[in-house]
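**Q** The file below is data20.pdb, PDB, C-alpha atoms:
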ATOM      1  CA  MET A 208      52.270 112.591  93.314
ATOM      2  CA  SER A 209      55.774 112.949  91.872
ATOM      3  CA  MET A 210      58.703 113.223  94.206
ATOM      4  CA  THR A 211      61.587 115.286  92.913
ATOM      5  CA  LYS A 212      64.848 114.422  94.471
ATOM      6  CA  LYS A 213      66.799 117.330  95.869
ATOM      7  CA  LYS A 214      70.340 117.769  94.479
ATOM      8  CA  PRO A 215      72.876 116.375  96.966
ATOM      9  CA  TRP A 216      74.894 119.548  97.511
ATOM     10  CA  LEU A 217      78.157 119.235  99.431
ATOM     11  CA  ARG A 218      79.333 121.687 102.026
ATOM     12  CA  ILE A 219      82.965 122.685 101.833
ATOM     13  CA  GLY A 220      84.088 120.263 104.551
ATOM     14  CA  GLU A 221      82.418 117.353 102.767
ATOM     15  CA  LEU A 222      83.940 118.315  99.423
ATOM     16  CA  ALA A 223      87.335 118.743 101.068
ATOM     17  CA  ALA A 224      87.090 115.298 102.685
ATOM     18  CA  GLN A 225      86.112 113.657  99.390
ATOM     19  CA  ALA A 226      88.957 115.385  97.541
ATOM     20  CA  ASP A 227      91.425 114.861 100.411
ATOM     21  CA  LEU A 228      92.121 118.598 100.534
ATOM     22  CA  ASN A 229      92.050 121.299 103.145
ATOM     23  CA  PRO A 230      88.943 123.534 102.922
ATOM     24  CA  LYS A 231      91.312 126.530 102.712
ATOM     25  CA  THR A 232      92.694 125.079  99.479
ATOM     26  CA  ILE A 233      89.200 124.824  98.033
ATOM     27  CA  ARG A 234      88.464 128.441  98.985
ATOM     28  CA  TYR A 235      91.763 129.476  97.383
ATOM     29  CA  TYR A 236      90.958 127.608  94.165
ATOM     30  CA  GLU A 237      87.588 129.354  94.157
ATOM     31  CA  LYS A 238      89.248 132.747  94.727
ATOM     32  CA  ILE A 239      91.660 132.325  91.782
ATOM     33  CA  GLY A 240      88.958 130.960  89.484
ATOM     34  CA  LEU A 241      89.885 127.282  89.285
ATOM     35  CA  LEU A 242      86.538 126.434  90.850
ATOM     36  CA  PRO A 243      83.346 128.295  90.042
ATOM     37  CA  ALA A 244      81.729 130.269  92.832
ATOM     38  CA  PRO A 245      79.469 127.864  94.705
ATOM     39  CA  GLN A 246      75.825 128.291  95.540
ATOM     40  CA  ARG A 247      75.103 129.516  99.049
ATOM     41  CA  SER A 248      72.691 128.165 101.601
ATOM     42  CA  PRO A 249      70.291 130.567 103.344
ATOM     43  CA  ALA A 250      72.776 130.535 106.224
ATOM     44  CA  GLY A 251      75.641 131.468 103.870
ATOM     45  CA  TYR A 252      77.360 128.086 103.688
ATOM     46  CA  ARG A 253      79.088 127.204 100.440
ATOM     47  CA  LEU A 254      77.201 124.468  98.600
ATOM     48  CA  TYR A 255      79.146 122.587  95.929
ATOM     49  CA  ASP A 256      77.901 120.354  93.181
ATOM     50  CA  PRO A 257      79.342 116.845  93.693
ATOM     51  CA  ALA A 258      80.787 117.125  90.157
ATOM     52  CA  GLU A 259      83.343 119.554  91.575
ATOM     53  CA  CYS A 260      85.167 116.503  92.975
ATOM     54  CA  GLU A 261      86.067 115.565  89.398
ATOM     55  CA  ARG A 262      87.334 119.077  88.730
ATOM     56  CA  LEU A 263      89.452 118.980  91.903
ATOM     57  CA  GLU A 264      90.817 115.566  90.891
ATOM     58  CA  PHE A 265      91.779 117.047  87.504
ATOM     59  CA  ILE A 266      93.538 119.960  89.229
ATOM     60  CA  LEU A 267      95.469 117.606  91.510
ATOM     61  CA  ARG A 268      96.514 115.370  88.605
ATOM     62  CA  ALA A 269      97.622 118.394  86.579
ATOM     63  CA  LYS A 270      99.684 119.641  89.530
ATOM     64  CA  ALA A 271     101.231 116.172  89.871
ATOM     65  CA  ILE A 272     102.635 116.408  86.337
ATOM     66  CA  GLY A 273     104.172 119.778  87.096
ATOM     67  CA  LEU A 274     101.602 122.228  85.785
ATOM     68  CA  THR A 275     101.223 125.484  87.669
ATOM     69  CA  LEU A 276      97.861 126.685  88.902
ATOM     70  CA  GLU A 277      97.990 129.401  86.249
ATOM     71  CA  GLU A 278      98.544 126.803  83.510
ATOM     72  CA  ILE A 279      95.733 124.668  84.929
ATOM     73  CA  GLY A 280      93.499 127.734  84.864
ATOM     74  CA  GLU A 281      94.322 128.259  81.174
ATOM     75  CA  ILE A 282      93.353 124.664  80.400
ATOM     76  CA  LEU A 283      90.090 124.955  82.325
ATOM     77  CA  THR A 284      89.292 128.232  80.578
ATOM     78  CA  VAL A 285      89.812 126.672  77.142
ATOM     79  CA  ARG A 286      87.631 123.731  78.153
ATOM     80  CA  GLY A 287      85.019 126.095  79.570
ATOM     81  CA  ARG A 288      84.728 127.701  76.134
ATOM     82  CA  GLY A 289      83.846 124.261  74.774
ATOM     83  CA  GLU A 290      87.188 123.820  73.006
ATOM     84  CA  PRO A 291      89.440 120.792  73.469
ATOM     85  CA  PRO A 292      92.488 121.921  75.480
ATOM     86  CA  CYS A 293      94.754 119.060  74.404
ATOM     87  CA  GLU A 294      96.901 121.163  72.023
ATOM     88  CA  ARG A 295      97.637 123.571  74.868
ATOM     89  CA  VAL A 296      98.407 120.657  77.189
ATOM     90  CA  LEU A 297     100.858 119.228  74.629
ATOM     91  CA  ALA A 298     102.623 122.601  74.395
ATOM     92  CA  LEU A 299     102.827 122.827  78.192
ATOM     93  CA  LEU A 300     104.203 119.286  78.403
ATOM     94  CA  ASP A 301     106.841 120.142  75.779
ATOM     95  CA  ASP A 302     107.872 123.121  77.920
ATOM     96  CA  LYS A 303     108.104 120.885  81.014
ATOM     97  CA  ILE A 304     110.179 118.311  79.121
ATOM     98  CA  ASP A 305     112.586 121.054  77.979
ATOM     99  CA  ALA A 306     112.865 122.365  81.545
ATOM    100  CA  VAL A 307     113.563 118.881  82.925
ATOM    101  CA  ASN A 308     116.203 118.264  80.253
ATOM    102  CA  GLN A 309     117.885 121.573  81.123
ATOM    103  CA  GLN A 310     117.876 120.634  84.801
ATOM    104  CA  VAL A 311     119.344 117.208  84.002
ATOM    105  CA  GLN A 312     122.131 118.899  81.997
ATOM    106  CA  ALA A 313     122.790 121.347  84.815
ATOM    107  CA  LEU A 314     122.899 118.593  87.422
ATOM    108  CA  SER A 315     125.131 116.421  85.250
ATOM    109  CA  ALA A 316     127.570 119.297  84.666
ATOM    110  CA  PHE A 317     127.551 120.136  88.365
ATOM    111  CA  GLY A 318     128.136 116.463  89.227
ATOM    112  CA  GLN A 319     131.161 116.387  86.923
ATOM    113  CA  GLU A 320     132.415 119.557  88.560
ATOM    114  CA  LEU A 321     132.082 117.972  92.015
ATOM    115  CA  VAL A 322     133.960 114.858  90.863
ATOM    116  CA  ALA A 323     136.794 117.065  89.572
ATOM    117  CA  LEU A 324     136.793 118.998  92.853
ATOM    118  CA  ARG A 325     136.947 115.746  94.809
ATOM    119  CA  GLU A 326     139.920 114.582  92.748
ATOM    120  CA  GLU A 327     141.771 117.836  93.454
ATOM    121  CA  ALA A 328     140.749 117.896  97.122
ATOM    122  CA  GLU A 329     143.412 115.591  98.496
ATOM    123  CA  GLU A 330     146.197 117.720  97.009
ATOM    124  CA  VAL A 331     144.740 120.941  98.376
ATOM    125  CA  MET A 332     143.816 119.481 101.766
ATOM    126  CA  GLN A 333     147.418 119.435 102.913
ATOM    127  CA  ALA A 334     147.837 123.225 102.623
ATOM    128  CA  ASN A 335     147.364 125.265 105.815
ATOM    129  CA  GLY A 336     145.184 128.306 106.377
ATOM    130  CA  GLY A 337     141.578 129.349 105.946
ATOM    131  CA  ILE A 338     138.543 127.345 106.889
ATOM    132  CA  CYS A 339     138.703 124.544 104.361
ATOM    133  CA  ARG A 340     141.186 124.763 101.527
ATOM    134  CA  ILE A 341     139.061 122.393  99.408
ATOM    135  CA  ILE A 342     136.218 124.882  99.153
ATOM    136  CA  GLU A 343     138.448 127.967  99.143
ATOM    137  CA  HIS A 344     140.405 126.538  96.220
ATOM    138  CA  TYR A 345     137.229 125.817  94.203
ATOM    139  CA  THR A 346     136.446 128.029  91.221
ATOM    140  CA  PRO A 347     133.192 127.241  89.398
ATOM    141  CA  ALA A 348     133.528 126.593  85.702
ATOM    142  CA  PRO A 349     132.008 129.585  83.840
ATOM    143  CA  SER A 350     129.868 127.383  81.621
ATOM    144  CA  ASN A 351     128.461 125.561  84.636
ATOM    145  CA  GLN A 352     127.599 128.805  86.418
ATOM    146  CA  ALA A 353     125.229 129.791  83.624
ATOM    147  CA  ILE A 354     123.665 126.329  83.491
ATOM    148  CA  ARG A 355     123.150 126.230  87.280
ATOM    149  CA  ALA A 356     121.662 129.739  87.263
ATOM    150  CA  LYS A 357     119.203 128.639  84.574
ATOM    151  CA  ALA A 358     118.311 125.512  86.581
ATOM    152  CA  ARG A 359     117.698 127.621  89.707
ATOM    153  CA  ALA A 360     115.396 129.887  87.687
ATOM    154  CA  LEU A 361     113.390 126.852  86.559
ATOM    155  CA  ARG A 362     112.822 125.598  90.101
ATOM    156  CA  PRO A 363     110.182 124.422  91.027
ATOM    157  CA  LEU A 364     108.470 122.889  88.011
ATOM    158  CA  GLY A 365     105.142 122.746  89.654
ATOM    159  CA  GLY A 366     104.360 125.429  92.168
ATOM    160  CA  ARG A 367     101.426 127.736  92.685
TER
END
What is this structure when it is put down as structure tokens?
**A**
Amino acid sequence: MSMTKKKPWLRIGELAAQADLNPKTIRYYEKIGLLPAPQRSPAGYRLYDPAECERLEFILRAKAIGLTLEEIGEILTVRGRGEPPCERVLALLDDKIDAVNQQVQALSAFGQELVALREEAEEVMQANGGICRIIEHYTPAPSNQAIRAKARALRPLGGR
């Protein structure tokens, strides 16, 4: 008499606990296609293959390096077609590196602007009127305005 072992399906709470995620997050990932639709029990409970823990770990690691959920979805789609997604990952990483470098430039330029403002502040502080002559006297450098606007547009690197 052969005994076939039943697959150890996980309910959403168990999967969430193993992945250290909120069950709502798992349902969201399912809704947007990052996780395949799970099997259902006769009572309607979601039943996940334990291998989904690995997929969730991949998603969390990808988010940690700044990839968006959309980008992660692209990678999973490529992999799902049986193709290696590493070329796409390299391109995404190049984009992230460029964005970080632009933010570093913007922050450096803004830091220099603040240093210059600080140096001028003591002269301006003595004048009367207004709320704070230091800030009222400040005029952003045109080149820094464009850089800061670009940096604001790049925020956040990782997001949903």
**Q** What lies within 10 Å of A:Leu241 using all atoms listed in the file, ignoring chain neighbours under 5 positions off, as a list in words?
**A** Ile233, Arg234, Tyr235, Tyr236, Arg262, Leu263, Ile266, Leu276, Glu277, Ile279, Gly280, Glu281, Ile282, Leu283 and Thr284 of chain A
**Q** May I have the residues within 12 Å of A:Glu278 as a list in words, using only C-alpha atoms and disregarding those fewer than 4 positions away in the same chain?
**A** Leu241, Ile266, Ala269, Lys270, Ile272, Gly273, Leu274, Ile282, Leu283, Thr284, Val285, Pro292, Arg295, Val296, Leu297, Ala298, Leu299, Leu300, Asp302, Lys303, Leu364, Gly365, Gly366 and Arg367 of chain A
**Q** For A:Ala348, which of A:Phe317, A:Arg325, A:Pro249, A:Leu254 is the closest residue, counting all atoms listed in the file?
**A** A:Phe317
**Q** In Å, with one decimal, what is the gap from atom CA of A:Leu222 to atom CA of A:Tyr255?
**A**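 Interatomic distance here is 7.3 Å.
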**Q** Give me, please, the distance in Å between atom CA of A:Gln312 and atom CA of A:Arg268, quoted to one decimal.
**A**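 Result for atom CA of A:Gln312 versus atom CA of A:Arg268: 26.7 Å, one decimal.
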**Q** From the list A:Arg247, A:Gln225, A:Pro347, A:Ile338, which residue is nearest A:Gln319 when using only C-alpha atoms?
**A** A:Pro347
**Q** At what distance in Å, to one decimal, does atom CA of A:Glu237 lie from atom CA of A:Gly220?
**A** 14.2 Å
**Q** Go through A:Ala226, A:Ala306, A:Ile219, A:Cys339 one by one, measure the shortest atom-to-atom distance of each to A:Leu267 using all atoms listed in the file, and give the residue with the smallest value.
**A**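 Ranked by minimum distance to A:Leu267, first place goes to A:Ala226.
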**Q** Neighbouring residues of A:Ala328 were defined as those with any atom within 10 Å, considering only C-alpha atoms; residues of the same chain fewer than 4 positions away were excluded. Please report them as a PyMOL selection string.
**A** chain A and resi 322-324+332-333+340-342+344-345
**Q** The selected residues should be written to file as a PDB file, in the coordinates of the input (atoms: C-alpha atoms).
**A**
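Ended up saving to out_7.pdb:
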ATOM      1  CA  VAL A 322     133.960 114.858  90.863  1.00  0.00           C
ATOM      2  CA  ALA A 323     136.794 117.065  89.572  1.00  0.00           C
ATOM      3  CA  LEU A 324     136.793 118.998  92.853  1.00  0.00           C
ATOM      4  CA  MET A 332     143.816 119.481 101.766  1.00  0.00           C
ATOM      5  CA  GLN A 333     147.418 119.435 102.913  1.00  0.00           C
ATOM      6  CA  ARG A 340     141.186 124.763 101.527  1.00  0.00           C
ATOM      7  CA  ILE A 341     139.061 122.393  99.408  1.00  0.00           C
ATOM      8  CA  ILE A 342     136.218 124.882  99.153  1.00  0.00           C
ATOM      9  CA  HIS A 344     140.405 126.538  96.220  1.00  0.00           C
ATOM     10  CA  TYR A 345     137.229 125.817  94.203  1.00  0.00           C
TER      11      TYR A 345
END
**Q** Nearest residue to A:Glu221 out of A:Pro257, A:Pro245, A:Gly251, A:Gly240, using all atoms listed in the file?
**A**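 Of A:Pro257, A:Pro245, A:Gly251, A:Gly240, the one nearest A:Glu221 is A:Pro257, counting all atoms listed in the file.
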